[in-house]
$ cat entry_32.cif   # mmCIF, C-alpha atoms
data_upload
loop_
_atom_site.label_atom_id
_atom_site.label_comp_id
_atom_site.auth_asym_id
_atom_site.auth_seq_id
_atom_site.Cartn_x
_atom_site.Cartn_y
_atom_site.Cartn_z
CA MET N 1 40.56 91.98 96.29
CA ASN N 2 37.97 94.77 95.91
CA GLU N 3 40.78 97.30 95.40
CA THR N 4 42.30 95.21 92.59
CA LEU N 5 38.93 94.77 90.88
CA PHE N 6 38.24 98.49 91.23
CA TYR N 7 41.49 99.29 89.41
CA VAL N 8 40.92 96.59 86.77
CA PHE N 9 37.43 97.85 85.90
CA GLY N 10 38.53 101.50 86.13
CA ILE N 11 41.43 100.95 83.74
CA ALA N 12 39.20 98.92 81.41
CA LEU N 13 36.68 101.79 81.42
CA VAL N 14 39.31 104.39 80.55
CA VAL N 15 40.93 102.25 77.83
CA SER N 16 37.52 101.42 76.33
CA ALA N 17 36.45 105.06 76.31
CA VAL N 18 39.65 106.11 74.55
CA GLY N 19 39.28 103.23 72.08
CA VAL N 20 35.69 104.12 71.21
CA ALA N 21 36.65 107.78 70.84
CA VAL N 22 39.49 106.90 68.45
CA ILE N 23 37.23 104.58 66.41
CA GLY N 24 34.52 107.25 66.31
CA LEU N 25 37.00 109.85 65.03
CA ARG N 26 38.46 107.54 62.37
CA PHE N 27 35.21 106.12 61.00
CA GLU N 28 32.49 108.56 60.09
CA ASN N 29 29.68 105.99 60.23
CA PHE N 30 30.49 104.56 63.66
CA PRO N 31 28.55 102.78 64.99
CA PRO N 32 27.34 101.21 61.73
CA ASN N 33 24.03 99.94 63.16
CA ARG N 34 21.80 100.13 66.21
CA GLY N 35 22.86 96.68 67.44
CA ILE N 36 26.49 97.76 67.83
CA LEU N 37 25.36 101.04 69.41
CA ALA N 38 23.16 99.16 71.93
CA GLY N 39 26.00 96.71 72.64
CA THR N 40 28.48 99.57 73.20
CA ILE N 41 26.10 101.35 75.55
CA LEU N 42 25.44 98.14 77.50
CA TYR N 43 29.19 97.43 77.70
CA PHE N 44 29.90 100.89 79.13
CA ALA N 45 26.95 100.65 81.55
CA VAL N 46 28.35 97.38 82.93
CA LEU N 47 31.87 98.85 83.23
CA VAL N 48 30.63 102.01 84.98
CA GLY N 49 28.43 99.97 87.32
CA ALA N 50 31.23 97.53 88.17
CA THR N 51 33.75 100.34 88.72
CA ALA N 52 31.37 102.24 91.00
CA GLY N 53 30.38 99.08 92.87
CA PHE N 54 33.96 98.04 93.55
CA ALA N 55 34.85 101.64 94.51
CA VAL N 56 32.18 101.49 97.25
CA LEU N 57 33.31 98.03 98.39
CA ASN N 58 36.94 99.19 98.42
CA ALA N 59 36.02 102.23 100.54
CA GLN N 60 34.20 99.97 103.01
CA ASP N 61 37.24 97.66 103.19
CA GLU N 62 39.54 100.63 103.85
CA GLN N 63 37.21 101.94 106.58
CA ALA N 64 37.09 98.51 108.26
CA ALA N 65 40.89 98.21 108.07
CA ARG N 66 41.32 101.69 109.57
CA GLU N 67 38.93 100.86 112.42
CA ALA N 68 40.74 97.56 113.07
CA GLU N 69 44.09 99.35 113.11
CA GLN N 70 42.81 101.94 115.57
CA ALA N 71 41.37 99.22 117.81
CA ALA N 72 44.69 97.37 117.75
CA GLU N 73 46.57 100.52 118.77
CA THR N 74 44.34 101.10 121.79
CA THR N 75 46.16 100.30 125.01
CA THR N 76 44.65 102.25 127.88
CA THR N 77 41.32 104.02 127.66
CA THR N 78 40.91 107.34 129.40
CA GLY N 79 37.52 108.94 129.78
CA ALA N 80 34.31 106.96 129.68
CA GLY N 81 31.76 105.85 127.13
CA ALA N 82 31.79 106.16 123.40
CA GLY N 83 34.47 108.33 121.89
CA ALA N 84 36.93 107.79 124.71
CA THR N 85 40.57 108.45 123.88
CA THR N 86 43.67 106.41 124.40
CA THR N 87 46.86 107.43 126.14
CA THR N 88 50.06 105.55 125.55
CA PRO N 89 53.44 106.38 127.08
CA SER N 90 56.09 106.86 124.42
CA GLY N 91 59.83 107.02 124.49
CA GLY N 92 62.35 104.75 126.15
CA GLY N 93 62.77 105.69 129.78
CA GLY N 94 61.31 107.83 132.50
CA GLY N 95 60.24 111.32 131.55
CA GLY N 96 59.14 110.27 128.06
CA GLY N 97 56.24 112.01 126.43
CA THR N 98 52.63 110.99 126.12
CA THR N 99 50.76 110.14 122.92
CA VAL N 100 47.02 110.81 122.83
CA LYS N 101 44.72 109.73 120.00
CA LEU N 102 41.96 112.04 118.77
CA ALA N 103 39.59 111.60 115.84
CA ALA N 104 37.05 113.71 114.00
CA ASP N 105 33.54 112.35 113.76
CA PRO N 106 33.10 111.20 110.15
CA SER N 107 29.44 112.24 109.96
CA GLN N 108 29.36 115.66 111.62
CA ILE N 109 31.55 118.62 112.55
CA ALA N 110 32.75 117.30 115.91
CA TYR N 111 35.53 115.35 117.56
CA THR N 112 34.68 111.88 118.86
CA THR N 113 35.48 113.12 122.38
CA THR N 114 35.59 116.43 124.21
CA SER N 115 38.01 115.28 126.90
CA LEU N 116 41.68 114.30 126.68
CA THR N 117 44.11 113.52 129.51
CA ALA N 118 47.91 113.56 129.43
CA LYS N 119 50.90 113.75 131.74
CA ALA N 120 52.92 116.94 132.10
CA GLY N 121 55.84 117.26 129.71
CA SER N 122 55.91 116.40 126.02
CA LEU N 123 52.66 115.48 124.28
CA THR N 124 51.90 114.14 120.82
CA ILE N 125 48.32 114.22 119.56
CA ASP N 126 47.71 111.67 116.80
CA PHE N 127 44.74 113.10 114.93
CA ASP N 128 42.60 111.14 112.45
CA ASN N 129 40.09 112.80 110.14
CA PRO N 130 38.23 110.01 108.27
CA ASN N 131 35.99 112.49 106.42
CA PRO N 132 37.02 112.69 102.75
CA ALA N 133 35.25 116.01 102.10
CA ILE N 134 35.60 118.23 105.18
CA PRO N 135 39.08 119.28 106.36
CA HIS N 136 39.84 119.35 110.08
CA ASP N 137 42.86 119.99 112.29
CA VAL N 138 43.63 120.11 115.99
CA CYS N 139 45.00 123.16 117.79
CA VAL N 140 45.81 123.62 121.48
CA ASP N 141 45.53 126.77 123.59
CA SER N 142 47.22 127.15 126.97
CA PRO N 143 45.17 127.72 130.14
CA SER N 144 45.82 131.46 129.63
CA GLY N 145 44.48 131.33 126.06
CA ASP N 146 47.78 131.44 124.15
CA GLU N 147 47.89 129.19 121.09
CA LEU N 148 50.55 126.52 121.55
CA GLY N 149 50.29 124.94 118.12
CA CYS N 150 48.14 123.49 115.34
CA SER N 151 48.39 120.39 113.23
CA GLU N 152 48.04 120.55 109.48
CA ARG N 153 44.51 120.41 108.03
CA VAL N 154 43.70 116.99 106.64
CA THR N 155 40.87 115.13 104.93
CA ASN N 156 40.63 111.35 105.05
CA SER N 157 44.08 111.26 106.63
CA LEU N 158 46.18 111.24 109.80
CA THR N 159 48.37 114.00 111.18
CA THR N 160 50.14 114.77 114.46
CA LEU N 161 50.67 117.75 116.72
CA ALA N 162 53.72 117.69 119.00
CA LEU N 163 53.83 119.95 122.06
CA LYS N 164 56.63 120.27 124.64
CA ASP N 165 56.92 121.34 128.26
CA LEU N 166 53.22 121.25 129.13
CA LYS N 167 52.58 122.11 132.76
CA PRO N 168 49.64 120.72 134.76
CA GLY N 169 46.39 122.50 133.99
CA ASN N 170 43.35 122.59 131.71
CA TYR N 171 44.11 123.33 128.08
CA THR N 172 41.65 123.76 125.21
CA PHE N 173 41.86 121.77 122.00
CA PHE N 174 39.82 122.83 118.97
CA CYS N 175 39.49 122.74 115.19
CA ASP N 176 40.82 125.93 113.61
CA VAL N 177 38.83 125.60 110.35
CA ASP N 178 36.49 128.60 110.03
CA GLY N 179 33.34 128.10 112.10
CA HIS N 180 34.14 124.59 113.36
CA GLU N 181 35.04 125.61 116.93
CA ALA N 182 31.84 127.68 117.13
CA LEU N 183 29.89 124.57 116.07
CA GLY N 184 31.30 122.74 119.08
CA MET N 185 34.44 121.12 117.68
CA LYS N 186 36.48 121.67 120.83
CA GLY N 187 37.27 120.07 124.14
CA THR N 188 39.40 120.12 127.28
CA LEU N 189 42.89 118.66 127.54
CA THR N 190 43.70 117.96 131.20
CA VAL N 191 47.43 117.84 131.86
CA GLN N 192 48.31 116.21 135.19
#

$ encode --input "entry_32.cif" --output "structure tokens"
Amino acid sequence: MNETLFYVFGIALVVSAVGVAVIGLRFENFPPNRGILAGTILYFAVLVGATAGFAVLNAQDEQAAREAEQAAETTTTTGAGAGATTTTPSGGGGGGGTTVKLAADPSQIAYTTTSLTAKAGSLTIDFDNPNPAIPHDVCVDSPSGDELGCSERVTNSLTTLALKDLKPGNYTFFCDVDGHEALGMKGTLTVQ
């Protein structure tokens, strides 16, 4: 509902602004008196306020829906405490890959966890960056320090990184955006 109202007020604001601009260009003495000027200003103040208010409410609704979706996808928690990650077997039969969920902290340059666990073989990292302003990605280095791959950089979006033939060992995952790894946006991926 908030999304619909946001679009309704946003469209009304744009249409009204264009209408007032056209009237102002066609009639030299527009507005003809202070009462119409005050009414026009009040009208636009209400439209701007309503559009901004419903934009905030819509953003809160989207955040709550995203959190509910992530909670529904959680099957088995690995690690302990806040920011733990989930591991879900994927594929049809034995030998299928593992899917691990990882998220960026929306309020700071960090992941929500510094520890991931997966089974040897194929691995998919589902990465969520809820921050609309700061791009993040997830990259993985082998135990010997060779880069195995990086996801695309995203803001306020999801992406995945698929890796194959991982052997048991400790791998490093990190954000490849300049300076983010140095600020602590990294962790250990334990492949068993």

$ closest_residue --input "entry_32.cif" --among "N:Ala45, N:Tyr7, N:Thr160, N:Val154" --to "Ile125 in chain N" --atoms "only C-alpha atoms"
N:Thr160

$ atom_distance --input "entry_32.cif" --atom1 "CA of Gly19 in chain N" --atom2 "CA of Ile36 in chain N"
14.5 Å

$ residues_around --input "entry_32.cif" --residues "range 168-182 of chain N" --least-positions-apart "4" --cutoff "12 Å" --atoms "only C-alpha atoms" --output "VMD selection string"
chain N and resid 102 to 104 108 to 111 113 to 122 125 127 129 134 to 155 161 163 186 to 192

$ closest_residue --input "entry_32.cif" --among "N:Asn2, N:Thr99, N:Thr159, N:Asn131" --to "Ala52 in chain N" --atoms "all atoms listed in the file"
N:Asn2

$ resolve_selection --input "entry_32.cif" --expression "the PyMOL selection byres ((chain N and resi 10) around 12)" --output "list of chain:residue names"
N:Asn2, N:Glu3, N:Thr4, N:Leu5, N:Phe6, N:Tyr7, N:Val8, N:Phe9, N:Ile11, N:Ala12, N:Leu13, N:Val14, N:Val15, N:Ser16, N:Ala17, N:Phe44, N:Val46, N:Leu47, N:Val48, N:Gly49, N:Ala50, N:Thr51, N:Ala52, N:Gly53, N:Phe54, N:Ala55

$ atom_distance --input "entry_32.cif" --atom1 "CA of Val20 in chain N" --atom2 "CA of Met1 in chain N"
28.3 Å

$ residues_near_point --input "entry_32.cif" --point "(40.3, 106.4, 109.5)" --cutoff "10 Å" --atoms "all atoms listed in the file" --output "compact mmCIF listing (two decimals) with C-alpha atoms, keeping the file's coordinate frame"
# COMPACT_ATOMS: atom_id res chain seq x y z
CA GLU N 62 39.54 100.63 103.85
CA GLN N 63 37.21 101.94 106.58
CA ALA N 64 37.09 98.51 108.26
CA ALA N 65 40.89 98.21 108.07
CA ARG N 66 41.32 101.69 109.57
CA GLU N 67 38.93 100.86 112.42
CA ALA N 68 40.74 97.56 113.07
CA GLU N 69 44.09 99.35 113.11
CA GLN N 70 42.81 101.94 115.57
CA ALA N 103 39.59 111.60 115.84
CA ALA N 104 37.05 113.71 114.00
CA ASP N 105 33.54 112.35 113.76
CA PRO N 106 33.10 111.20 110.15
CA PHE N 127 44.74 113.10 114.93
CA ASP N 128 42.60 111.14 112.45
CA ASN N 129 40.09 112.80 110.14
CA PRO N 130 38.23 110.01 108.27
CA ASN N 131 35.99 112.49 106.42
CA PRO N 132 37.02 112.69 102.75
CA THR N 155 40.87 115.13 104.93
CA ASN N 156 40.63 111.35 105.05
CA SER N 157 44.08 111.26 106.63
CA LEU N 158 46.18 111.24 109.80

$ atom_distance --input "entry_32.cif" --atom1 "CA of Leu183 in chain N" --atom2 "CA of Leu166 in chain N"
26.9 Å

$ build_atoms --input "entry_32.cif" --residues "range 96-122 of chain N" --atoms "N, CA and C atoms" --output "mmCIF file, keeping the file's coordinate frame"
data_model
loop_
_atom_site.group_PDB
_atom_site.id
_atom_site.type_symbol
_atom_site.label_atom_id
_atom_site.label_comp_id
_atom_site.auth_asym_id
_atom_site.auth_seq_id
_atom_site.Cartn_x
_atom_site.Cartn_y
_atom_site.Cartn_z
ATOM 1 N N GLY N 96 59.532 110.256 129.476
ATOM 2 C CA GLY N 96 59.140 110.270 128.060
ATOM 3 C C GLY N 96 57.816 110.994 127.904
ATOM 4 N N GLY N 97 57.474 111.297 126.685
ATOM 5 C CA GLY N 97 56.240 112.010 126.430
ATOM 6 C C GLY N 97 55.038 111.103 126.422
ATOM 7 N N THR N 98 53.894 111.710 126.181
ATOM 8 C CA THR N 98 52.630 110.990 126.120
ATOM 9 C C THR N 98 52.074 111.150 124.712
ATOM 10 N N THR N 99 51.451 110.076 124.203
ATOM 11 C CA THR N 99 50.760 110.140 122.920
ATOM 12 C C THR N 99 49.273 109.948 123.177
ATOM 13 N N VAL N 100 48.470 110.864 122.657
ATOM 14 C CA VAL N 100 47.020 110.810 122.830
ATOM 15 C C VAL N 100 46.402 110.728 121.442
ATOM 16 N N LYS N 101 45.402 109.880 121.289
ATOM 17 C CA LYS N 101 44.720 109.730 120.000
ATOM 18 C C LYS N 101 43.419 110.532 120.027
ATOM 19 N N LEU N 102 43.169 111.228 118.928
ATOM 20 C CA LEU N 102 41.960 112.040 118.770
ATOM 21 C C LEU N 102 41.471 111.842 117.345
ATOM 22 N N ALA N 103 40.158 111.776 117.179
ATOM 23 C CA ALA N 103 39.590 111.600 115.840
ATOM 24 C C ALA N 103 38.425 112.553 115.633
ATOM 25 N N ALA N 104 38.226 112.931 114.382
ATOM 26 C CA ALA N 104 37.050 113.710 114.000
ATOM 27 C C ALA N 104 35.913 112.733 113.740
ATOM 28 N N ASP N 105 34.713 113.156 114.065
ATOM 29 C CA ASP N 105 33.540 112.350 113.760
ATOM 30 C C ASP N 105 33.343 112.370 112.244
ATOM 31 N N PRO N 106 33.208 111.208 111.600
ATOM 32 C CA PRO N 106 33.100 111.200 110.150
ATOM 33 C C PRO N 106 31.781 111.736 109.603
ATOM 34 N N SER N 107 30.757 111.860 110.463
ATOM 35 C CA SER N 107 29.440 112.240 109.960
ATOM 36 C C SER N 107 28.980 113.634 110.377
ATOM 37 N N GLN N 108 29.756 114.312 111.209
ATOM 38 C CA GLN N 108 29.360 115.660 111.620
ATOM 39 C C GLN N 108 30.590 116.466 111.985
ATOM 40 N N ILE N 109 30.427 117.766 112.179
ATOM 41 C CA ILE N 109 31.550 118.620 112.550
ATOM 42 C C ILE N 109 31.710 118.528 114.065
ATOM 43 N N ALA N 110 32.518 117.559 114.484
ATOM 44 C CA ALA N 110 32.750 117.300 115.910
ATOM 45 C C ALA N 110 33.932 116.355 116.036
ATOM 46 N N TYR N 111 34.568 116.387 117.206
ATOM 47 C CA TYR N 111 35.530 115.350 117.560
ATOM 48 C C TYR N 111 34.745 114.202 118.172
ATOM 49 N N THR N 112 35.352 113.027 118.252
ATOM 50 C CA THR N 112 34.680 111.880 118.860
ATOM 51 C C THR N 112 34.690 111.966 120.381
ATOM 52 N N THR N 113 35.454 112.897 120.940
ATOM 53 C CA THR N 113 35.480 113.120 122.380
ATOM 54 C C THR N 113 35.724 114.594 122.656
ATOM 55 N N THR N 114 35.326 115.047 123.812
ATOM 56 C CA THR N 114 35.590 116.430 124.210
ATOM 57 C C THR N 114 36.516 116.483 125.414
ATOM 58 N N SER N 115 37.148 115.349 125.720
ATOM 59 C CA SER N 115 38.010 115.280 126.900
ATOM 60 C C SER N 115 39.243 114.438 126.604
ATOM 61 N N LEU N 116 40.416 115.015 126.812
ATOM 62 C CA LEU N 116 41.680 114.300 126.680
ATOM 63 C C LEU N 116 42.465 114.466 127.973
ATOM 64 N N THR N 117 43.286 113.468 128.304
ATOM 65 C CA THR N 117 44.110 113.520 129.510
ATOM 66 C C THR N 117 45.533 113.136 129.139
ATOM 67 N N ALA N 118 46.500 113.856 129.693
ATOM 68 C CA ALA N 118 47.910 113.560 129.430
ATOM 69 C C ALA N 118 48.739 113.922 130.648
ATOM 70 N N LYS N 119 49.958 113.401 130.678
ATOM 71 C CA LYS N 119 50.900 113.750 131.740
ATOM 72 C C LYS N 119 51.662 115.001 131.352
ATOM 73 N N ALA N 120 52.127 115.744 132.352
ATOM 74 C CA ALA N 120 52.920 116.940 132.100
ATOM 75 C C ALA N 120 54.166 116.566 131.321
ATOM 76 N N GLY N 121 54.650 117.494 130.521
ATOM 77 C CA GLY N 121 55.840 117.260 129.710
ATOM 78 C C GLY N 121 55.497 117.304 128.239
ATOM 79 N N SER N 122 56.129 116.434 127.471
ATOM 80 C CA SER N 122 55.910 116.400 126.020
ATOM 81 C C SER N 122 54.630 115.632 125.704
#
